[in-house]
Structure formats: structure tokens, C-alpha cells
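In what follows, a structure is listed as C-alpha cells, so that the remarks can point back to it.
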Amino acid sequence: MHLQISKTKFLLCVLAVVFLCAMLAACTTLYKPEEHGYTALVVYDANGGRFSNADTTGVRTFKYQPSVTIMEPGGAQSSQFIAPTRDNYHVVAWYPAELDENGEPRKDENEEYILQSEPWDFAADRLSAADGSKLYLVALWKENYSLIVDVGEEARAAGVENVVYSTYTEEGPVTQPGLSPEWDLHTFYYYYILGEGGEKIRLRDTSDWSQLVLSDETPQITVHVEWLTGIWKIITTVDQLEVVSSQNNYILDTDINMGGKAFGPVVNFEGIFDGNGHTIYNFATEDRQGGTERSKGLFSFRGNGCVRNITFRDATYTVTLTNRIAGVDTSFNVGFLCGDASRSDLSRFENITFQNCSLHAVRVNTATQISVTTGQGSYYGIFGLVAEGAEFEPAQGSEAISVEILPEEG
């Protein structure tokens, strides 16, 4: 009985092996697309490009049924068939190559494909209805359009390279680069293009950039960089004016309407505050003397700190003087710009204009016993105190500052 069971198991095992071998034989039979109607051959030749990083031939081959539309590499309906790539180039179209009697693509004496006059229309064109047809498609490349950022001769001499954005594959406007170029000890200021007469035309906003259109007629557009020597903070908004610190350099890039808000005061300013020909206007600043302070102004300066190239308009600076300084029997120094500029080089304060500006000094408590100095001559109301022999002249067109001291001094 035991021997008979063993023989039965043996036979079952043999049958299982035979069945498995039959299955393996069936699996190793090659799928033949021709037997299923896929008789049309289409070859996609990337013509100098490649379909993937591992691609060494730049050629993809597919079988199709006759009379059908075919996949476009990178097309919306063929997401698994990615388009070929080539550095700084993009595919314009796919052109059918002329075939010789052996079905191979023909080439000219320069080894260039001989192409048909019209590109393949993947949406409308269909393969031949004949069995065994062959279509050989060749990618036609065009160099990408490019935006060139010219950093300038001096910057290049210092090792800063021009930046080339060569990813534009379609006609249309350029966009402002997201990152500005950098140059040690310099500040990027703005981009500009050159006009017909060589003048600088600044690119301020999106509407300016939208006028720079890449096309076959203008495949490259160059913009230039304007630099500021040194490290600067560029001011364009009220909020930026409200956080001016003592050690930075600042430059205005537009007129600033404070909208009635306060500007300053800025204490112990060591940098350069350059208005760049612009105006800060419509502000009312209230300040208060405290402790041992003997001078007040929108700015107090230290070292080479200065203000230049600026207009203050429709502005009021009011200082409340609260107490007499113990042991000191002297005047308070108050100025619209600076109460005590006796240690400043006034030659650095250039091209400053005042229009409809007023200075108010209000004495309270024990401060009523102290006189107030608000400057004299050309710097009256501007600097309360200057060094002996120092001179300052406001810019042409400047108006005298209206000064009021309360209570009035006898």
C-alpha cells in the first residue's frame, strides 16, 4: 500500500512538471505585432537629441496599425513617450524623411536628412493604408531664444559673469529674472536696455518687461545691470522708511508720500541717506527730549553720516523739551535736519531742498527756563548748531523753514 501511494505521487509530480514546461514554452513565444494588424513601422529619429539620459541612439521605433494617427513625443495624448532633449535647443516639428528603395532615410552630400516639405501633423495626418508601410520622422531643432543679462565691463573684469537664460522655446515676452546678479561691495540697482541713441531705458515693472518680446526676428534680448558702488538699502515704500537704522546706507528710488505718518528721528546716523533726487513729503514727526539730551532733529549724525540729494516737502517736525539738565546752563539745539551738526562735515550735505516745512520747539516743565538755538543764516531751522566757520547752503529753490518756539522767548 505504501509503495502504490508513492507511485501515485510520482506520477502527479511528473504531470506537474510537464504542465509547467508547457506553460514556460508558451511564455517564451514572442509576441508578433504583425499577426495582430500592427504592420506599419514608424521610426522617430531625435536627430542629435536623446529620449533619456540612458539613450545612446536617439532613435525610437514603434509598430502601428495602418491608417491611424500616431503618438507625438511629449504630446498630451502620449505622456509615456517623452520628447527628446538637446541642450539649448527645442523641437520645432517632426518631418518625414524621404526613403530610398530599401526603406532607409535618404541623406544629402552633407549627411543631412532629405526631408519632405511639410512637417507631420500629429493631430490630422494618418499612416498609409498599405500593410508594411514605413514612416521615418526626423526632429527639426531650433536654438532656444535667450535673455542675456549683461553685468557690465567693470563687473566682468572683477569676475562677475554675464547670465544667460536660454530656456525660452516659444515666441513671447521675457520675464524678469527671479535672482539678481551679485558683485562684492556693490549693490544691484536695476535692469535697463539701451535705446537707439545709447540712452539707458530702465525696466521698472512687469509692463516694461512685457515689451521685450523674443521672436525669430529677435531671438536674443540683452538687458544691462546698473550697479551702486557700496552696500545700499534701496527704499521704495513708507514701511522701509520707518525702519531706517544708524549704520546702513540708503537710497530713495521714488518719491515717498508718508501720508501723515512720522518720518524719523534717526539717531547717531553713520551712513549716507541719498534721496537720489526724490522727495519725502506729507509727514509730521513728533519728538521728545529726555535725559541729558541737548539737541534734537530728524537726524543726529556720527562720523561721516550725512543726507544729500533730497527734498523735504509739506512736513512738520515738533520737539517737546521737557527738562533742564542739572548743572548745565546752556541752550537746547534744535534743527529740522539736525540739532547739533558741529562735528559734521557740512560739505557732504549736498543738494538738499525744503518746501513748506516747519519746525516747532515746545518747552514744558523746567525746560521753559532754557533758551533754544535753531541755527542762523543759511542754515536757520535746518541745523541748530554747526562748527565755527562751517557753511551750508540749501539747494536752489529751497524755502526758508518756518520756526516756532513755545512759549515765546522774551
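Residue numbering restarts at 1 in every chain; chains get A, B, ... in the order shown in the C-alpha cells, and ligands count up from 1 in that same order.
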
Neighbouring residues of Ser128 in chain A were defined as those with any atom within 12 Å, considering only C-alpha atoms; residues of the same chain fewer than 6 positions away were excluded. Please report them as number ranges by chain. A: 39-42, 64-70, 134-135

For this session: Find the residues around Gln240 in chain A up to 12 Å (only C-alpha atoms counted), leave out those fewer than 2 positions away in its own chain, and share them as an MDAnalysis selection string.
Result: chainID A and resid 233:238 242:245 250:253 256 258 263:264

Mind checking DSSP for range 36-93 of chain A and telling me the strand (DSSP E) residues as a PyMOL selection string? chain A and resi 40-45+59-64+89-93

Check: Looking at A:Ala341, A:Val307, A:Val362, A:Leu228, which one is nearest to Glu391 in chain A, with distances taken over only C-alpha atoms?
Finding: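 Ranking A:Ala341, A:Val307, A:Val362, A:Leu228 by distance to Glu391 in chain A, first place goes to A:Ala341.
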
Go ahead and compute the interatomic distance for CA of Ala46 in chain A and CA of Gln116 in chain A, in Å to one decimal.
->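 CA of Gln116 in chain A lies 16.4 Å from CA of Ala46 in chain A.
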
Atom pair CA of Asn47 in chain A + CA of Val138 in chain A, distance 6.2 Å

By how many Å are CA of Gly339 in chain A and CA of Arg308 in chain A apart?
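Computing it gives 16.9 Å between the two atoms.
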
key: Nearest candidate to Gly335 in chain A (options A:Ile272, A:Ala390, A:Ile401, A:Val151; using only C-alpha atoms)   =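 Among the listed residues, the smallest separation from Gly335 in chain A belongs to A:Ile401.
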
Within 12 Å of Leu203 in chain A using only C-alpha atoms, minus same-chain residues under 4 positions, as a list of chain:residue names:
A:Val174, A:Thr175, A:Gln176, A:Pro177, A:Tyr189, A:Tyr190, A:Tyr191, A:Tyr192, A:Ile193, A:Leu194, A:Gly195, A:Ser207, A:Asp208, A:Trp209, A:Ser210, A:Gln211, A:Leu212, A:Val223, A:His224, A:Val225, A:Glu226

Residue selection dump (N, CA and C atoms) as an mmCIF file, in the first residue's frame:
```cif
data_model
loop_
_atom_site.group_PDB
_atom_site.id
_atom_site.type_symbol
_atom_site.label_atom_id
_atom_site.label_comp_id
_atom_site.auth_asym_id
_atom_site.auth_seq_id
_atom_site.Cartn_x
_atom_site.Cartn_y
_atom_site.Cartn_z
ATOM 1 N N VAL A 174 9.774 88.233 -22.435
ATOM 2 C CA VAL A 174 10.655 87.675 -21.417
ATOM 3 C C VAL A 174 10.092 88.035 -20.043
ATOM 4 N N THR A 175 10.614 87.387 -19.023
ATOM 5 C CA THR A 175 10.222 87.696 -17.653
ATOM 6 C C THR A 175 11.448 88.144 -16.878
ATOM 7 N N GLN A 176 11.228 88.979 -15.895
ATOM 8 C CA GLN A 176 12.341 89.455 -15.080
ATOM 9 C C GLN A 176 12.943 88.295 -14.300
ATOM 10 N N PRO A 177 14.274 88.163 -14.307
ATOM 11 C CA PRO A 177 14.906 87.070 -13.547
ATOM 12 C C PRO A 177 14.531 87.134 -12.078
ATOM 13 N N TYR A 189 21.129 97.553 -8.629
ATOM 14 C CA TYR A 189 20.164 98.650 -8.554
ATOM 15 C C TYR A 189 18.957 98.369 -9.443
ATOM 16 N N TYR A 190 19.175 98.230 -10.756
ATOM 17 C CA TYR A 190 18.063 97.944 -11.654
ATOM 18 C C TYR A 190 18.572 97.417 -12.986
ATOM 19 N N TYR A 191 17.637 96.878 -13.780
ATOM 20 C CA TYR A 191 17.914 96.459 -15.151
ATOM 21 C C TYR A 191 17.523 97.587 -16.114
ATOM 22 N N TYR A 192 18.238 97.647 -17.229
ATOM 23 C CA TYR A 192 17.867 98.610 -18.261
ATOM 24 C C TYR A 192 18.250 98.068 -19.637
ATOM 25 N N ILE A 193 17.650 98.643 -20.674
ATOM 26 C CA ILE A 193 18.049 98.348 -22.042
ATOM 27 C C ILE A 193 18.582 99.640 -22.641
ATOM 28 N N LEU A 194 19.262 99.510 -23.750
ATOM 29 C CA LEU A 194 19.816 100.676 -24.419
ATOM 30 C C LEU A 194 18.884 101.136 -25.527
ATOM 31 N N GLY A 195 18.594 102.430 -25.549
ATOM 32 C CA GLY A 195 17.771 102.990 -26.604
ATOM 33 C C GLY A 195 18.562 103.159 -27.883
ATOM 34 N N SER A 207 5.015 95.645 -16.888
ATOM 35 C CA SER A 207 4.611 96.191 -18.185
ATOM 36 C C SER A 207 5.828 96.536 -19.037
ATOM 37 N N ASP A 208 6.921 96.981 -18.405
ATOM 38 C CA ASP A 208 8.146 97.269 -19.160
ATOM 39 C C ASP A 208 8.751 95.980 -19.711
ATOM 40 N N TRP A 209 8.784 94.940 -18.888
ATOM 41 C CA TRP A 209 9.364 93.669 -19.321
ATOM 42 C C TRP A 209 8.533 93.033 -20.433
ATOM 43 N N SER A 210 7.219 93.236 -20.389
ATOM 44 C CA SER A 210 6.349 92.622 -21.401
ATOM 45 C C SER A 210 6.583 93.196 -22.787
ATOM 46 N N GLN A 211 7.272 94.346 -22.863
ATOM 47 C CA GLN A 211 7.583 94.939 -24.161
ATOM 48 C C GLN A 211 8.784 94.284 -24.824
ATOM 49 N N LEU A 212 9.502 93.454 -24.080
ATOM 50 C CA LEU A 212 10.679 92.761 -24.620
ATOM 51 C C LEU A 212 10.234 91.392 -25.113
ATOM 52 N N VAL A 223 19.626 92.636 -21.601
ATOM 53 C CA VAL A 223 19.361 93.689 -20.628
ATOM 54 C C VAL A 223 20.647 93.923 -19.842
ATOM 55 N N HIS A 224 20.795 95.140 -19.361
ATOM 56 C CA HIS A 224 22.022 95.526 -18.665
ATOM 57 C C HIS A 224 21.732 95.791 -17.192
ATOM 58 N N VAL A 225 22.786 95.757 -16.397
ATOM 59 C CA VAL A 225 22.655 95.938 -14.947
ATOM 60 C C VAL A 225 23.254 97.278 -14.540
ATOM 61 N N GLU A 226 22.505 98.033 -13.766
ATOM 62 C CA GLU A 226 23.014 99.245 -13.123
ATOM 63 C C GLU A 226 23.404 98.898 -11.693
#
```

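Neighbours of Tyr165 in chain A closer than or equal to 10 Å, with only C-alpha atoms counted and sequence neighbours fewer than 3 positions away skipped, come out as Asn88, Asn144, Tyr145, Ser146, Leu147, Ile148, Val149, Tyr168, Val174, Pro177 and Gln220 of chain A.
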
Output file for the residues above (C-alpha atoms, as a CSV table (one decimal), in the first residue's frame):
```csv
chain,number,residue,atom,x,y,z
A,88,ASN,CA,19.8,75.0,-25.5
A,144,ASN,CA,16.3,78.3,-27.8
A,145,TYR,CA,15.5,82.0,-27.6
A,146,SER,CA,17.6,83.6,-24.9
A,147,LEU,CA,17.7,86.5,-22.4
A,148,ILE,CA,21.2,87.8,-21.7
A,149,VAL,CA,21.9,89.8,-18.5
A,168,TYR,CA,12.7,80.1,-23.9
A,174,VAL,CA,10.7,87.7,-21.4
A,177,PRO,CA,14.9,87.1,-13.5
A,220,GLN,CA,18.2,87.2,-28.2
```

| said: Which residues are close to Val267 in chain A, i.e. within 8 Å by only C-alpha atoms, leaving aside same-chain residues fewer than 6 positions away? Reply as a ChimeraX atom specification. | reply: /A:246,299-301

Residue selection dump (N, CA and C atoms) as a PDB file, in the first residue's frame:
```pdb
ATOM      1  N   SER A 246      20.962 103.114  11.959  1.00  0.00           N
ATOM      2  CA  SER A 246      22.031 104.118  12.002  1.00  0.00           C
ATOM      3  C   SER A 246      23.240 103.764  11.145  1.00  0.00           C
ATOM      4  N   PHE A 299      17.489 113.826  12.242  1.00  0.00           N
ATOM      5  CA  PHE A 299      18.691 113.004  12.280  1.00  0.00           C
ATOM      6  C   PHE A 299      19.627 113.571  13.333  1.00  0.00           C
ATOM      7  N   SER A 300      20.390 112.694  13.935  1.00  0.00           N
ATOM      8  CA  SER A 300      21.628 113.093  14.586  1.00  0.00           C
ATOM      9  C   SER A 300      22.722 112.265  13.931  1.00  0.00           C
ATOM     10  N   PHE A 301      23.898 112.869  13.770  1.00  0.00           N
ATOM     11  CA  PHE A 301      24.929 112.234  12.947  1.00  0.00           C
ATOM     12  C   PHE A 301      26.160 111.895  13.767  1.00  0.00           C
TER      13      PHE A 301
END
```

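Residues in contact range of Gly384 in chain A, defined as at most 7 Å between only C-alpha atoms, with sequence neighbours fewer than 4 positions away removed, read A:Asn333, A:Val334, A:Gly335, A:Cys338, A:Gly339, A:Asp340, A:Thr373, A:Thr374, A:Gly375.
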
Serialized selection, C-alpha atoms, as a CSV table (one decimal), in the first residue's frame:
```csv
chain,number,residue,atom,x,y,z
A,333,ASN,CA,19.9,122.9,19.9
A,334,VAL,CA,17.1,122.1,17.6
A,335,GLY,CA,17.0,121.7,13.8
A,338,CYS,CA,19.9,118.0,12.9
A,339,GLY,CA,20.1,119.8,16.3
A,340,ASP,CA,23.9,119.6,16.7
A,373,THR,CA,19.1,127.6,19.4
A,374,THR,CA,17.8,126.9,15.9
A,375,GLY,CA,20.7,128.0,13.8
```

Please list as a list in words every residue within 7 Å of Arg60 in chain A, counting only C-alpha atoms and excluding residues in the same chain fewer than 6 positions away.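 Surrounding residues, per the criterion: Val43, Tyr44 and Asp45 of chain A.
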
Would you mind exporting N, CA and C atoms of the selected residues as a compact mmCIF listing (two decimals), in the first residue's frame?
```
# COMPACT_ATOMS: atom_id res chain seq x y z
N VAL A 43 9.54 55.21 -37.28
CA VAL A 43 10.81 55.47 -36.62
C VAL A 43 10.87 56.95 -36.26
N TYR A 44 11.15 57.23 -34.99
CA TYR A 44 11.34 58.61 -34.52
C TYR A 44 12.84 58.82 -34.32
N ASP A 45 13.41 59.71 -35.10
CA ASP A 45 14.85 59.98 -35.03
C ASP A 45 15.04 61.36 -34.38
```
